[in-house]
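J.: Just passing along the structure, written as structure tokens.
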Amino acid sequence: MLYDEKYIVHRYENNPILTKNDFPYDTVAVFNPGVVKQGSKYMMICRCEDSSFNRYMWVAESYDGIKFTPRLHPLEMPKGDMIFDEYVHATKSYWDPRITYLEGKYYIVHAADVTNGASCQLGLFEIDENFEKLVWRGLISEPDNRNGVLFPEKINGKYYRLDRPNDNGGFDIWCCSSPDLIHWGNPRRVLAKERLGWGEKKIGPGAVPIKTEAGWLCIIHGVRRQCTDEVYSLGVMLLDLEDPTKLIGYSARAILAPEMPYELLGQSMNVVFTNGAVAEDDGTVKIYYGGADQVICLAIANINDLIESCKPH
Ligand code: BMA
């Protein structure tokens, strides 16, 4: 790791860990992966794009959390569901997958630029434990919403998710609940972008919330304006364990901001963006993130440092 004691998140020194060259097809970019650990194995679903701007979800596997081997082909998409075929598959609109292990099953919330006139909606897949067969569960948000992520357990009998409504929700982070993962309601805003200098334009959830004694630790992203461009950085917030609509704290400073060449220059400039993190037994957290919408990178933090950064400031 590249240790710099000014920071609490440390980049892997051989970043990026996956690039388009690791994939056999006409792949121009691979980024923003969802990641989950199954025993000693890390399962990653990458967001891949080809030169015609088709998107694929592509599984890569690892036994050390660093060297990931992509499979030979992308995941096959389910067939025969009218809504999926018409609104999602028609535009290959499954991107930014976030994988949650919940009650013995693997769920993937993804963003979808649906073709029904609305812009973005959230979609839900289920996948088997070998990550071979996707099952479509439906569109699960109102338009216009993106960056959805499920909590890894029911809380007081209900499922919870974080999401990011666009204009009408003010580009803030919201939390809502559901009895069945399909029908969602009771939306509450948990964090407003105005609180964050590094996310003054937009904020959104990132990786699956991590349960800690201090609360649900959530790695989030924020966007700020910079002259003609936008800068995407990462931060953290802490939510109440019993009621995740209640904010305990958040990091006033970004925990990771673009500064390496692979974060500054790519399909988009100045972007670090996460959909997946793994909390390890040794108290560290592996954060997987997309660099400049082009490559996949790894950074590591100590979980206590992340919690500490959410304390009042
Ligand atoms: C967000 C999402 C991400 C992307 C980021 C930067 O709105 O679309 O997939 O990494 O923009 O372009």
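By convention here, the chains of the structure tokens are called A, B, ... in the order presented, each chain's residues are numbered starting at 1, and ligands are numbered starting at 1 in the order presented.
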So which residues are near ligand 1, meaning at most 8 Å away with only C-alpha atoms and all ligand atoms counted, given back as a list of chain:residue names?
T.: A:Phe31, A:Asn32, A:Trp95, A:Asp96, A:Asn147, A:Tyr232, A:Ser268, A:Met269, A:Val271, A:Val272, A:Phe273, A:Gly290, A:Ala292, A:Asp293
J.: Select from segment 66-186 of chain A everything DSSP, run on the backbone, classes as strand (DSSP E), then give the selection as number ranges by chain.
T.: A: 69-70, 95-102, 105-113, 120-127, 134-139, 145-150, 159-165, 173-178, 185-186
J.: If you count only C-alpha atoms, which residues fall within 6 Å of segment 34-51 of chain A, apart from same-chain ones fewer than 3 positions away, as a list in words?
T.: Asp26, Thr27, Val28, Ala29, Val30, Phe31, Asn54, Arg55, Tyr56, Met57, Trp58, Val59, Ala60, Glu61, Ser62, Tyr63, Gly65, Trp95, Pro97, Arg98, Ile99, Asn275 and Gly276 of chain A
J.: Using only C-alpha atoms, which residues sit within 6 Å of Ile220 of chain A once same-chain residues fewer than 4 positions away are excluded, as a list of chain:residue names?
T.: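 Counting only C-alpha atoms, the residues come to A:Gly204, A:Pro205, A:Gly206, A:Leu234, A:Gly235, A:Val236.
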J.: Which of these residues is nearest to Asp64 of chain A, using only C-alpha atoms: A:Lys92, A:Lys286, A:Lys311, A:Tyr7?
T.: A:Lys286
J.: Between A:Ile203, A:Met260, A:Leu102, A:Leu191, which residue has the minimum interatomic distance to Arg146 of chain A, considering only C-alpha atoms?
T.: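 Selected residue with least distance to Arg146 of chain A: A:Ile203.
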J.: Give me, as a Markdown table, each residue of segment 240-310 of chain A that comes within 9 Å of segment 207-213 of chain A, together with its shortest interatomic pair and the distance in Å at one decimal, counting only C-alpha atoms, with rows ordered by chain and rising residue number.
T.:
```
| residue | atom | partner | partner_atom | distance |
| --- | --- | --- | --- | --- |
| A:Leu241 | CA | A:Lys211 | CA | 7.6 |
| A:Thr274 | CA | A:Ala207 | CA | 6.2 |
| A:Asn275 | CA | A:Ala207 | CA | 4.5 |
| A:Gly276 | CA | A:Ala207 | CA | 4.3 |
| A:Ala277 | CA | A:Ala207 | CA | 5.6 |
| A:Val278 | CA | A:Ile210 | CA | 8.5 |
| A:Ala279 | CA | A:Ile210 | CA | 7.2 |
| A:Ile287 | CA | A:Ala207 | CA | 8.3 |
| A:Tyr288 | CA | A:Ala207 | CA | 8.8 |
| A:Ile303 | CA | A:Thr212 | CA | 8.8 |
| A:Ile307 | CA | A:Thr212 | CA | 8.7 |
```
J.: Quick one: residues within 10 Å of Leu306 of chain A, only C-alpha atoms, excluding same-chain residues fewer than 6 positions away - as a PyMOL selection string?
T.: chain A and resi 8-9+217-219+235-238+250-251+255+284-285
J.: Run DSSP on the backbone and tell me which residues of segment 74-198 of chain A come out as helix (DSSP H, G or I); list them as a PyMOL selection string.
T.: chain A and resi 82-91+167-169+193-195+197-198
J.: With a distance cut-off of 8 Å and only C-alpha atoms, select the neighbouring residues of Trp136 of chain A, excluding the residue or stretch itself and same-chain residues fewer than 4 positions from it, and output the selection as a list in words.
T.: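 Residues meeting the cut-off are Pro78, Asp81, Phe84, Leu124, Phe125 and Glu126 of chain A.
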J.: Once you have the residues from the selection above, write them out as a CSV table (one decimal), in the first residue's frame, restricted to C-alpha atoms.
T.:
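Resulting contents of selection36.csv:
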```
chain,number,residue,atom,x,y,z
A,78,PRO,CA,-32.3,-12.9,-18.4
A,81,ASP,CA,-39.5,-10.5,-19.1
A,84,PHE,CA,-36.7,-6.0,-18.6
A,124,LEU,CA,-32.9,-5.5,-9.0
A,125,PHE,CA,-31.3,-8.8,-10.0
A,126,GLU,CA,-30.8,-11.9,-7.9
```
J.: Need to verify the contact set: Lys202 of chain A, 6 Å, only C-alpha atoms, exclusion of same-chain residues closer than 4 positions in sequence. Can you return it as a ChimeraX atom specification?
T.: /A:171,193,222-223
J.: Deliver the residues from the most recent selection as a file, using all heavy atoms, as a compact mmCIF listing (two decimals), in the first residue's frame.
T.:
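What follows is the written file selection19.txt:
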```
# COMPACT_ATOMS: atom_id res chain seq x y z
N PHE A 171 -30.38 15.70 -5.19
CA PHE A 171 -29.07 15.04 -5.28
C PHE A 171 -28.49 14.77 -3.89
O PHE A 171 -27.29 14.93 -3.67
CB PHE A 171 -28.08 15.86 -6.12
CG PHE A 171 -28.50 16.03 -7.55
CD1 PHE A 171 -28.97 17.25 -8.01
CD2 PHE A 171 -28.41 14.97 -8.43
CE1 PHE A 171 -29.35 17.40 -9.34
CE2 PHE A 171 -28.79 15.11 -9.76
CZ PHE A 171 -29.27 16.34 -10.22
N LYS A 193 -26.38 17.42 0.58
CA LYS A 193 -25.09 17.74 -0.05
C LYS A 193 -24.50 19.04 0.48
O LYS A 193 -23.27 19.19 0.52
CB LYS A 193 -25.25 17.81 -1.57
CG LYS A 193 -26.23 18.87 -2.05
CD LYS A 193 -26.38 18.80 -3.55
CE LYS A 193 -27.26 19.90 -4.10
NZ LYS A 193 -28.61 19.97 -3.55
N GLY A 222 -19.17 11.97 -3.44
CA GLY A 222 -19.61 13.36 -3.53
C GLY A 222 -19.00 14.01 -4.75
O GLY A 222 -17.92 13.63 -5.20
N VAL A 223 -19.73 14.98 -5.30
CA VAL A 223 -19.28 15.67 -6.51
C VAL A 223 -19.19 17.16 -6.21
O VAL A 223 -20.11 17.73 -5.63
CB VAL A 223 -20.30 15.48 -7.67
CG1 VAL A 223 -19.76 16.06 -8.96
CG2 VAL A 223 -20.67 14.02 -7.83
```
J.: Of the candidates A:Phe131, A:Tyr94, A:Tyr160, A:Tyr289, which one gets nearest to Pro187 of chain A if we count only C-alpha atoms?
T.: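 Of the candidates, the smallest distance to Pro187 of chain A is held by A:Tyr160.
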J.: So how far away is atom CA of Glu103 of chain A from atom CA of Ala301 of chain A, in Å?
T.: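 Interatomic distance here is 27.1 Å.
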J.: Quick one: of A:Ile108, A:Val114, A:Leu298, A:Leu162, who's nearest to Ile83 of chain A, counting only C-alpha atoms?
T.: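 The shortest atom-to-atom distance to Ile83 of chain A comes from A:Val114.
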J.: Using only C-alpha atoms, which residue out of A:Pro165, A:Tyr87, A:Leu72, A:Ile173 lies closest to Leu139 of chain A?
T.: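 Looking at the shortest contact to Leu139 of chain A, the residue is A:Tyr87.
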J.: One decimal, Å: what's the distance from atom CA of Glu194 of chain A over to atom CA of His10 of chain A, could you say?
T.: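 Separation between atom CA of Glu194 of chain A and atom CA of His10 of chain A: 26.9 Å.
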J.: Pick from A:Glu242, A:Glu153, A:Glu259, A:Glu230: nearest to Glu200 of chain A, with only C-alpha atoms counted?
T.: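 Between A:Glu242, A:Glu153, A:Glu259, A:Glu230, the residue approaching Glu200 of chain A most closely is A:Glu230.
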